[in-house]
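Shown next: run_36.cif, containing mmCIF, C-alpha atoms and all ligand atoms.
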```cif
data_query
loop_
_atom_site.label_atom_id
_atom_site.label_comp_id
_atom_site.auth_asym_id
_atom_site.auth_seq_id
_atom_site.Cartn_x
_atom_site.Cartn_y
_atom_site.Cartn_z
CA MET A 14 140.38 97.11 77.32
CA SER A 15 137.42 97.75 79.63
CA ASP A 16 135.01 100.65 79.06
CA THR A 17 136.55 102.39 82.07
CA GLU A 18 140.07 102.01 80.69
CA ALA A 19 138.92 103.20 77.26
CA GLY A 20 137.25 106.22 78.85
CA ASP A 21 140.40 107.00 80.85
CA LEU A 22 142.51 106.81 77.71
CA GLU A 23 140.24 109.25 75.87
CA THR A 24 140.23 111.60 78.86
CA SER A 25 144.02 111.44 78.93
CA HIS A 26 144.18 112.22 75.20
CA VAL A 27 141.89 115.23 75.56
CA ARG A 28 143.82 116.52 78.57
CA ASP A 29 147.12 116.22 76.72
CA LEU A 30 145.63 117.92 73.66
CA VAL A 31 144.66 120.92 75.79
CA THR A 32 148.16 120.97 77.31
CA ALA A 33 149.66 120.87 73.81
CA ASN A 34 147.54 123.87 72.77
CA ARG A 35 148.84 125.85 75.75
CA ILE A 36 152.47 124.83 75.15
CA LEU A 37 152.43 125.80 71.49
CA ALA A 38 150.83 129.15 72.32
CA HIS A 39 153.46 129.71 75.02
CA HIS A 40 156.22 129.05 72.47
CA ARG A 41 154.60 131.35 69.89
CA VAL A 42 154.00 128.52 67.44
CA PHE A 43 150.35 129.63 67.77
CA ASP A 44 148.88 133.09 68.24
CA ALA A 45 145.15 133.69 67.78
CA TRP A 46 145.41 131.14 64.96
CA GLY A 47 146.96 127.72 64.49
CA HIS A 48 145.65 124.34 65.64
CA ILE A 49 146.66 120.88 66.78
CA SER A 50 144.86 117.54 66.53
CA ILE A 51 145.32 113.98 67.75
CA ARG A 52 143.94 110.79 66.24
CA SER A 53 141.37 108.95 68.39
CA PRO A 54 142.83 106.17 70.56
CA HIS A 55 139.76 104.02 69.81
CA ASP A 56 139.04 104.65 66.16
CA PRO A 57 141.69 105.61 63.56
CA ALA A 58 138.88 107.06 61.43
CA ARG A 59 138.28 109.81 64.01
CA PHE A 60 140.41 112.61 65.44
CA PHE A 61 140.12 115.28 68.11
CA MET A 62 140.74 119.02 67.98
CA SER A 63 139.30 122.15 69.53
CA THR A 64 136.26 124.04 68.42
CA SER A 65 137.32 127.25 66.63
CA ARG A 66 139.09 129.13 69.41
CA ALA A 67 142.50 130.71 70.14
CA PRO A 68 144.75 127.85 71.34
CA ALA A 69 145.86 129.60 74.55
CA LEU A 70 142.21 129.69 75.66
CA VAL A 71 141.30 126.08 74.84
CA VAL A 72 139.87 123.95 77.68
CA GLU A 73 138.78 120.30 77.77
CA GLN A 74 135.15 121.19 77.03
CA ASP A 75 136.19 122.79 73.72
CA VAL A 76 137.50 119.54 72.24
CA VAL A 77 135.33 117.97 69.52
CA GLU A 78 135.56 114.70 67.58
CA LEU A 79 135.87 114.77 63.78
CA ASN A 80 135.66 112.26 60.94
CA VAL A 81 138.88 111.53 59.05
CA ASP A 82 136.89 110.72 55.88
CA THR A 83 135.03 114.03 55.65
CA GLY A 84 136.88 116.40 57.98
CA GLU A 85 133.51 117.21 59.55
CA VAL A 86 132.67 117.36 63.24
CA VAL A 87 130.68 114.51 64.78
CA GLY A 88 127.58 116.22 66.20
CA GLU A 89 126.37 119.80 66.16
CA ARG A 90 129.46 121.78 67.10
CA THR A 91 132.03 123.35 64.76
CA SER A 92 135.80 123.46 64.45
CA TYR A 93 138.48 125.38 62.53
CA ALA A 94 137.97 126.09 58.81
CA GLU A 95 141.34 124.46 58.12
CA ARG A 96 140.42 121.19 59.85
CA HIS A 97 140.79 119.67 56.36
CA ILE A 98 144.57 119.93 56.71
CA HIS A 99 144.38 117.41 59.53
CA ALA A 100 141.81 115.11 57.94
CA GLY A 101 143.73 114.97 54.65
CA ILE A 102 146.92 113.93 56.42
CA TYR A 103 145.21 111.31 58.59
CA ARG A 104 143.64 109.85 55.44
CA ARG A 105 146.99 109.52 53.70
CA ARG A 106 149.38 108.64 56.54
CA ALA A 107 148.14 105.77 58.75
CA ASN A 108 151.12 106.08 61.12
CA ILE A 109 150.52 109.75 61.89
CA GLN A 110 148.85 110.30 65.25
CA ALA A 111 149.13 114.09 65.63
CA VAL A 112 149.19 117.19 63.37
CA VAL A 113 150.07 120.86 64.01
CA HIS A 114 149.25 123.74 61.68
CA THR A 115 151.08 127.02 62.38
CA HIS A 116 151.43 130.52 60.94
CA SER A 117 154.80 130.94 62.69
CA SER A 118 156.60 133.99 61.28
CA GLY A 119 159.96 132.21 61.54
CA LEU A 120 158.93 129.65 58.95
CA ILE A 121 157.09 131.79 56.41
CA PRO A 122 160.26 133.29 54.83
CA PHE A 123 161.49 129.80 53.89
CA GLY A 124 158.20 129.00 52.17
CA ALA A 125 158.25 132.39 50.42
CA VAL A 126 161.60 131.72 48.73
CA GLY A 127 161.13 127.96 48.36
CA ARG A 128 164.08 127.08 50.53
CA PRO A 129 163.68 123.85 52.54
CA LEU A 130 164.61 123.65 56.20
CA ARG A 131 167.49 121.25 56.89
CA ALA A 132 169.06 119.92 60.07
CA ILE A 133 172.12 121.85 61.20
CA ALA A 134 171.74 120.56 64.79
CA HIS A 135 170.91 117.07 66.08
CA THR A 136 167.77 118.40 67.76
CA ASP A 137 166.32 119.11 64.31
CA ALA A 138 167.14 115.72 62.80
CA PHE A 139 163.46 115.01 62.03
CA LEU A 140 163.99 117.21 58.96
CA ILE A 141 165.96 114.38 57.30
CA ASP A 142 162.77 113.16 55.58
CA GLY A 143 162.60 116.39 53.61
CA CYS A 144 160.79 119.71 53.72
CA PRO A 145 158.48 119.96 50.70
CA MET A 146 156.68 123.16 49.64
CA PHE A 147 152.93 123.53 49.14
CA GLU A 148 151.98 126.08 46.47
CA ILE A 149 148.25 126.66 46.78
CA ARG A 150 148.14 128.43 43.39
CA ASP A 151 148.80 125.03 41.83
CA GLU A 152 145.64 123.62 43.42
CA THR A 153 142.89 126.25 43.31
CA ASP A 154 141.84 129.58 41.84
CA ASP A 155 140.40 130.58 45.20
CA HIS A 156 142.64 133.29 46.69
CA THR A 157 141.91 132.90 50.40
CA MET A 158 145.21 130.99 50.93
CA LEU A 159 143.27 128.64 53.22
CA VAL A 160 143.09 124.84 53.06
CA GLU A 161 139.36 124.67 53.69
CA SER A 162 138.16 121.71 51.61
CA SER A 163 138.80 117.97 51.47
CA GLN A 164 140.29 118.42 48.01
CA LEU A 165 142.88 120.91 49.29
CA GLY A 166 143.55 118.77 52.37
CA ASP A 167 144.37 115.85 50.09
CA ALA A 168 146.59 118.06 47.90
CA LEU A 169 148.53 119.25 50.95
CA ALA A 170 148.93 115.67 52.22
CA ARG A 171 150.27 114.63 48.81
CA ARG A 172 152.87 117.41 48.92
CA LEU A 173 153.83 116.44 52.48
CA GLY A 174 154.53 112.89 51.27
CA ASP A 175 156.64 111.03 53.86
CA ALA A 176 158.14 114.20 55.39
CA ALA A 177 157.57 115.55 58.92
CA ILE A 178 156.85 119.10 57.73
CA VAL A 179 155.48 120.89 54.70
CA LEU A 180 155.99 124.64 54.21
CA MET A 181 152.95 126.48 52.85
CA ARG A 182 153.90 129.47 50.70
CA GLY A 183 152.49 132.75 51.98
CA HIS A 184 150.77 131.03 54.90
CA GLY A 185 152.80 128.91 57.35
CA ALA A 186 153.57 125.23 57.80
CA THR A 187 152.11 121.90 58.86
CA VAL A 188 154.01 119.42 61.03
CA VAL A 189 153.18 115.74 61.67
CA ALA A 190 154.43 113.00 64.01
CA PRO A 191 153.64 109.52 65.31
CA SER A 192 152.74 110.95 68.74
CA LEU A 193 151.40 114.12 70.35
CA ARG A 194 154.60 114.76 72.28
CA GLU A 195 156.70 114.47 69.15
CA VAL A 196 154.52 116.77 67.08
CA VAL A 197 154.76 119.44 69.79
CA TYR A 198 158.51 118.96 69.85
CA ARG A 199 158.83 119.15 66.07
CA ALA A 200 156.62 122.23 65.78
CA ILE A 201 158.81 124.07 68.29
CA TYR A 202 162.09 122.85 66.85
CA ALA A 203 161.13 123.66 63.26
CA SER A 204 161.54 127.31 64.28
CA HIS A 205 164.81 126.37 65.99
CA ALA A 206 166.07 125.00 62.66
CA ALA A 207 164.95 128.18 60.89
CA ASP A 208 166.78 130.34 63.44
CA LEU A 209 169.99 128.33 63.06
CA GLU A 210 169.83 128.54 59.29
CA LEU A 211 169.58 132.34 59.37
CA THR A 212 172.36 132.62 61.98
CA VAL A 213 174.74 130.36 60.07
CA TRP A 214 174.26 132.14 56.77
CA GLY A 215 174.86 135.41 58.61
CA LEU A 216 178.34 134.10 59.35
CA GLY A 217 179.00 134.08 55.62
CA ASP A 218 179.72 130.39 55.01
CA ALA A 219 177.55 127.45 54.03
CA PRO A 220 176.77 125.17 56.98
CA ARG A 221 177.64 121.51 57.28
CA TYR A 222 174.29 119.80 57.64
CA LEU A 223 173.74 116.51 59.47
CA GLY A 224 174.44 113.50 57.29
CA GLU A 225 171.85 110.79 56.68
CA GLN A 226 173.23 108.37 59.28
CA GLU A 227 173.76 111.11 61.85
CA ALA A 228 170.24 112.38 61.38
CA ARG A 229 168.61 108.92 61.60
CA ALA A 230 170.47 108.09 64.82
CA ALA A 231 169.89 111.52 66.35
CA ALA A 232 166.18 111.52 65.49
CA SER A 233 165.63 108.22 67.23
CA ALA A 234 167.63 109.32 70.29
CA ILE A 235 165.56 112.50 70.58
CA ALA A 236 162.27 110.62 70.09
CA ALA A 237 163.21 108.26 72.93
CA THR A 238 163.46 111.21 75.31
CA ALA A 239 160.33 113.06 74.16
CA GLN A 240 158.91 112.89 77.69
CA ARG A 241 161.58 115.30 78.99
CA PRO A 242 160.67 118.43 77.02
CA TRP A 243 156.98 117.54 77.44
CA GLU A 244 157.38 117.53 81.22
CA LEU A 245 159.23 120.86 81.19
CA TRP A 246 156.85 122.57 78.80
CA SER A 247 153.77 121.30 80.64
CA ALA A 248 155.13 122.72 83.90
CA GLN A 249 155.79 126.06 82.18
CA VAL A 250 152.10 126.38 81.31
CA GLY A 251 150.88 125.03 84.66
CA ARG A 252 149.52 121.75 83.35
CA PRO A 253 150.10 118.17 84.64
CA ALA A 254 152.49 116.15 82.46
CA ASN A 255 150.89 112.91 83.80
CA GLY A 256 154.32 111.26 83.86
CA LYS A 257 153.32 108.56 81.43
CA ASP A 258 153.63 108.03 77.75
CA ARG A 259 151.29 105.07 77.39
CA HIS A 260 149.44 106.30 74.34
CA ASP A 261 152.48 107.61 72.49
CA ARG A 262 154.00 104.58 70.73
ZN ZN B 1 146.38 128.45 58.37
#
```

Entire entry expressed as structure tokens:
Amino acid sequence: MSDTEAGDLETSHVRDLVTANRILAHHRVFDAWGHISIRSPHDPARFFMSTSRAPALVVEQDVVELNVDTGEVVGERTSYAERHIHAGIYRRRANIQAVVHTHSSGLIPFGAVGRPLRAIAHTDAFLIDGCPMFEIRDETDDHTMLVESSQLGDALARRLGDAAIVLMRGHGATVVAPSLREVVYRAIYASHAADLELTVWGLGDAPRYLGEQEARAAASAIAATAQRPWELWSAQVGRPANGKDRHDR
């Protein structure tokens, strides 16, 4: 790869990261809080996220580079206090390319009662790898509820294990994926799964969840079409979808 191509790839990553911030704000996955990151296309020991700012307001110039090892920003600027969520997961899961942390109100009830999200619909099949719970009281006597150290980032990543989502009691959730487009999709559809769960139980009967084989097949079919929702959601927030998926698997 030439220097020009490498520079183009990084520019494309940063542009898509800004678009992802806008999409997740538009879908109420983010409000003033919440954040998304993407691993560097050049160096798996680095990742990108915004400086500490409301996601709907993020622009390209806000994006900073961080070290996976330390969770600290490269250079003089700063980022979110909970950047350690992202760093901890990138340290533990080499195949993860993007991470979302959300305080979505639709997910918090499930963490509060310790009830995992499960796939009722094929669109939510990524939940087949489980939905562990993170109890911060087990990890620290600090009562801020925030994952703001490397030690807590590692503890959260351990609880996540091989799953696509971990619910954080009294706080929110963290979602991971092998590409930026997929993590945006999963973060939006985690709330979809929560909505379905509440609706089904309101009907008075236990749902039939997707079986293992159904979920595996459905998850791969959805992942193969990840460009479609990305194109729609980008248009909804007035951002170019770039039409390509060259850096996502
Ligand atoms: Zn948080």

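If you look at atom CA of Asp29 of chain A and atom CA of Ala254 of chain A, they are 7.9 Å away from each other.
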
Show me, as a PyMOL selection string, the residues that have an atom within 6 Å of segment 169-171 of chain A when counting only C-alpha atoms, minus same-chain residues fewer than 2 positions from it.
chain A and resi 101-102+166-167+173-174

Kindly export the residues of the current selection with C-alpha atoms, as a compact mmCIF listing (two decimals), in the frame of the given file.
```txt
# COMPACT_ATOMS: atom_id res chain seq x y z
CA GLY A 101 143.73 114.97 54.65
CA ILE A 102 146.92 113.93 56.42
CA GLY A 166 143.55 118.77 52.37
CA ASP A 167 144.37 115.85 50.09
CA LEU A 173 153.83 116.44 52.48
CA GLY A 174 154.53 112.89 51.27
```

Pick out the residues sitting within 8 Å of Asn80 of chain A, and hand them over as a PyMOL selection string; count all atoms listed in the file, and ignore anything fewer than 2 positions along from it in its own chain.
chain A and resi 58-60+78+82-87+100

Around the point (169.8, 130.1, 57.9) in the file's coordinates, collect all residues with an atom within 12 Å, using only C-alpha atoms, and return them as a ChimeraX atom specification.
/A:119-120,122-123,128-134,204-222

Determine, for each residue of chain A having at least one atom at most 10 Å from an atom of ligand ZN 1 (chain B), the closest pair of atoms and their separation in Å to one decimal, counting all atoms listed in the file; order by chain and ascending number, as a tab-separated table.
```
residue	atom	partner	partner_atom	distance
A:Trp46	CA	B:ZN1	ZN	7.2
A:Gly47	CA	B:ZN1	ZN	6.2
A:His48	CA	B:ZN1	ZN	8.4
A:Tyr93	CA	B:ZN1	ZN	9.4
A:Ala94	CA	B:ZN1	ZN	8.7
A:Glu95	CA	B:ZN1	ZN	6.4
A:Arg96	CA	B:ZN1	ZN	9.5
A:Ile98	CA	B:ZN1	ZN	8.9
A:His114	CA	B:ZN1	ZN	6.4
A:Thr115	CA	B:ZN1	ZN	6.3
A:His116	CA	B:ZN1	ZN	6.0
A:Ser117	CA	B:ZN1	ZN	9.8
A:Met158	CA	B:ZN1	ZN	7.9
A:Leu159	CA	B:ZN1	ZN	6.0
A:Val160	CA	B:ZN1	ZN	7.2
A:Glu161	CA	B:ZN1	ZN	9.2
A:Met181	CA	B:ZN1	ZN	8.8
A:Gly183	CA	B:ZN1	ZN	9.8
A:His184	CA	B:ZN1	ZN	6.2
A:Gly185	CA	B:ZN1	ZN	6.5
A:Ala186	CA	B:ZN1	ZN	7.9
A:Thr187	CA	B:ZN1	ZN	8.7
```

Let me see the file: selected residues, C-alpha atoms, as a short mmCIF file (atom, residue, chain, number, x, y, z; two decimals), in the frame of the given file.
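Okay, result-v8.cif is ready:
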```cif
data_model
loop_
_atom_site.label_atom_id
_atom_site.label_comp_id
_atom_site.auth_asym_id
_atom_site.auth_seq_id
_atom_site.Cartn_x
_atom_site.Cartn_y
_atom_site.Cartn_z
CA TRP A 46 145.41 131.14 64.96
CA GLY A 47 146.96 127.72 64.49
CA HIS A 48 145.65 124.34 65.64
CA TYR A 93 138.48 125.38 62.53
CA ALA A 94 137.97 126.09 58.81
CA GLU A 95 141.34 124.46 58.12
CA ARG A 96 140.42 121.19 59.85
CA ILE A 98 144.57 119.93 56.71
CA HIS A 114 149.25 123.74 61.68
CA THR A 115 151.08 127.02 62.38
CA HIS A 116 151.43 130.52 60.94
CA SER A 117 154.80 130.94 62.69
CA MET A 158 145.21 130.99 50.93
CA LEU A 159 143.27 128.64 53.22
CA VAL A 160 143.09 124.84 53.06
CA GLU A 161 139.36 124.67 53.69
CA MET A 181 152.95 126.48 52.85
CA GLY A 183 152.49 132.75 51.98
CA HIS A 184 150.77 131.03 54.90
CA GLY A 185 152.80 128.91 57.35
CA ALA A 186 153.57 125.23 57.80
CA THR A 187 152.11 121.90 58.86
#
```

I'd like the interatomic distance between atom CA of Arg252 of chain A and atom CA of Ser25 of chain A, to a tenth of an Å.
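So the answer is 12.5 Å.
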
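Nearest to Phe147 of chain A of all the residues A:Val76, A:Val179, A:Val126, A:Ser162 is A:Val179, counting all atoms listed in the file.
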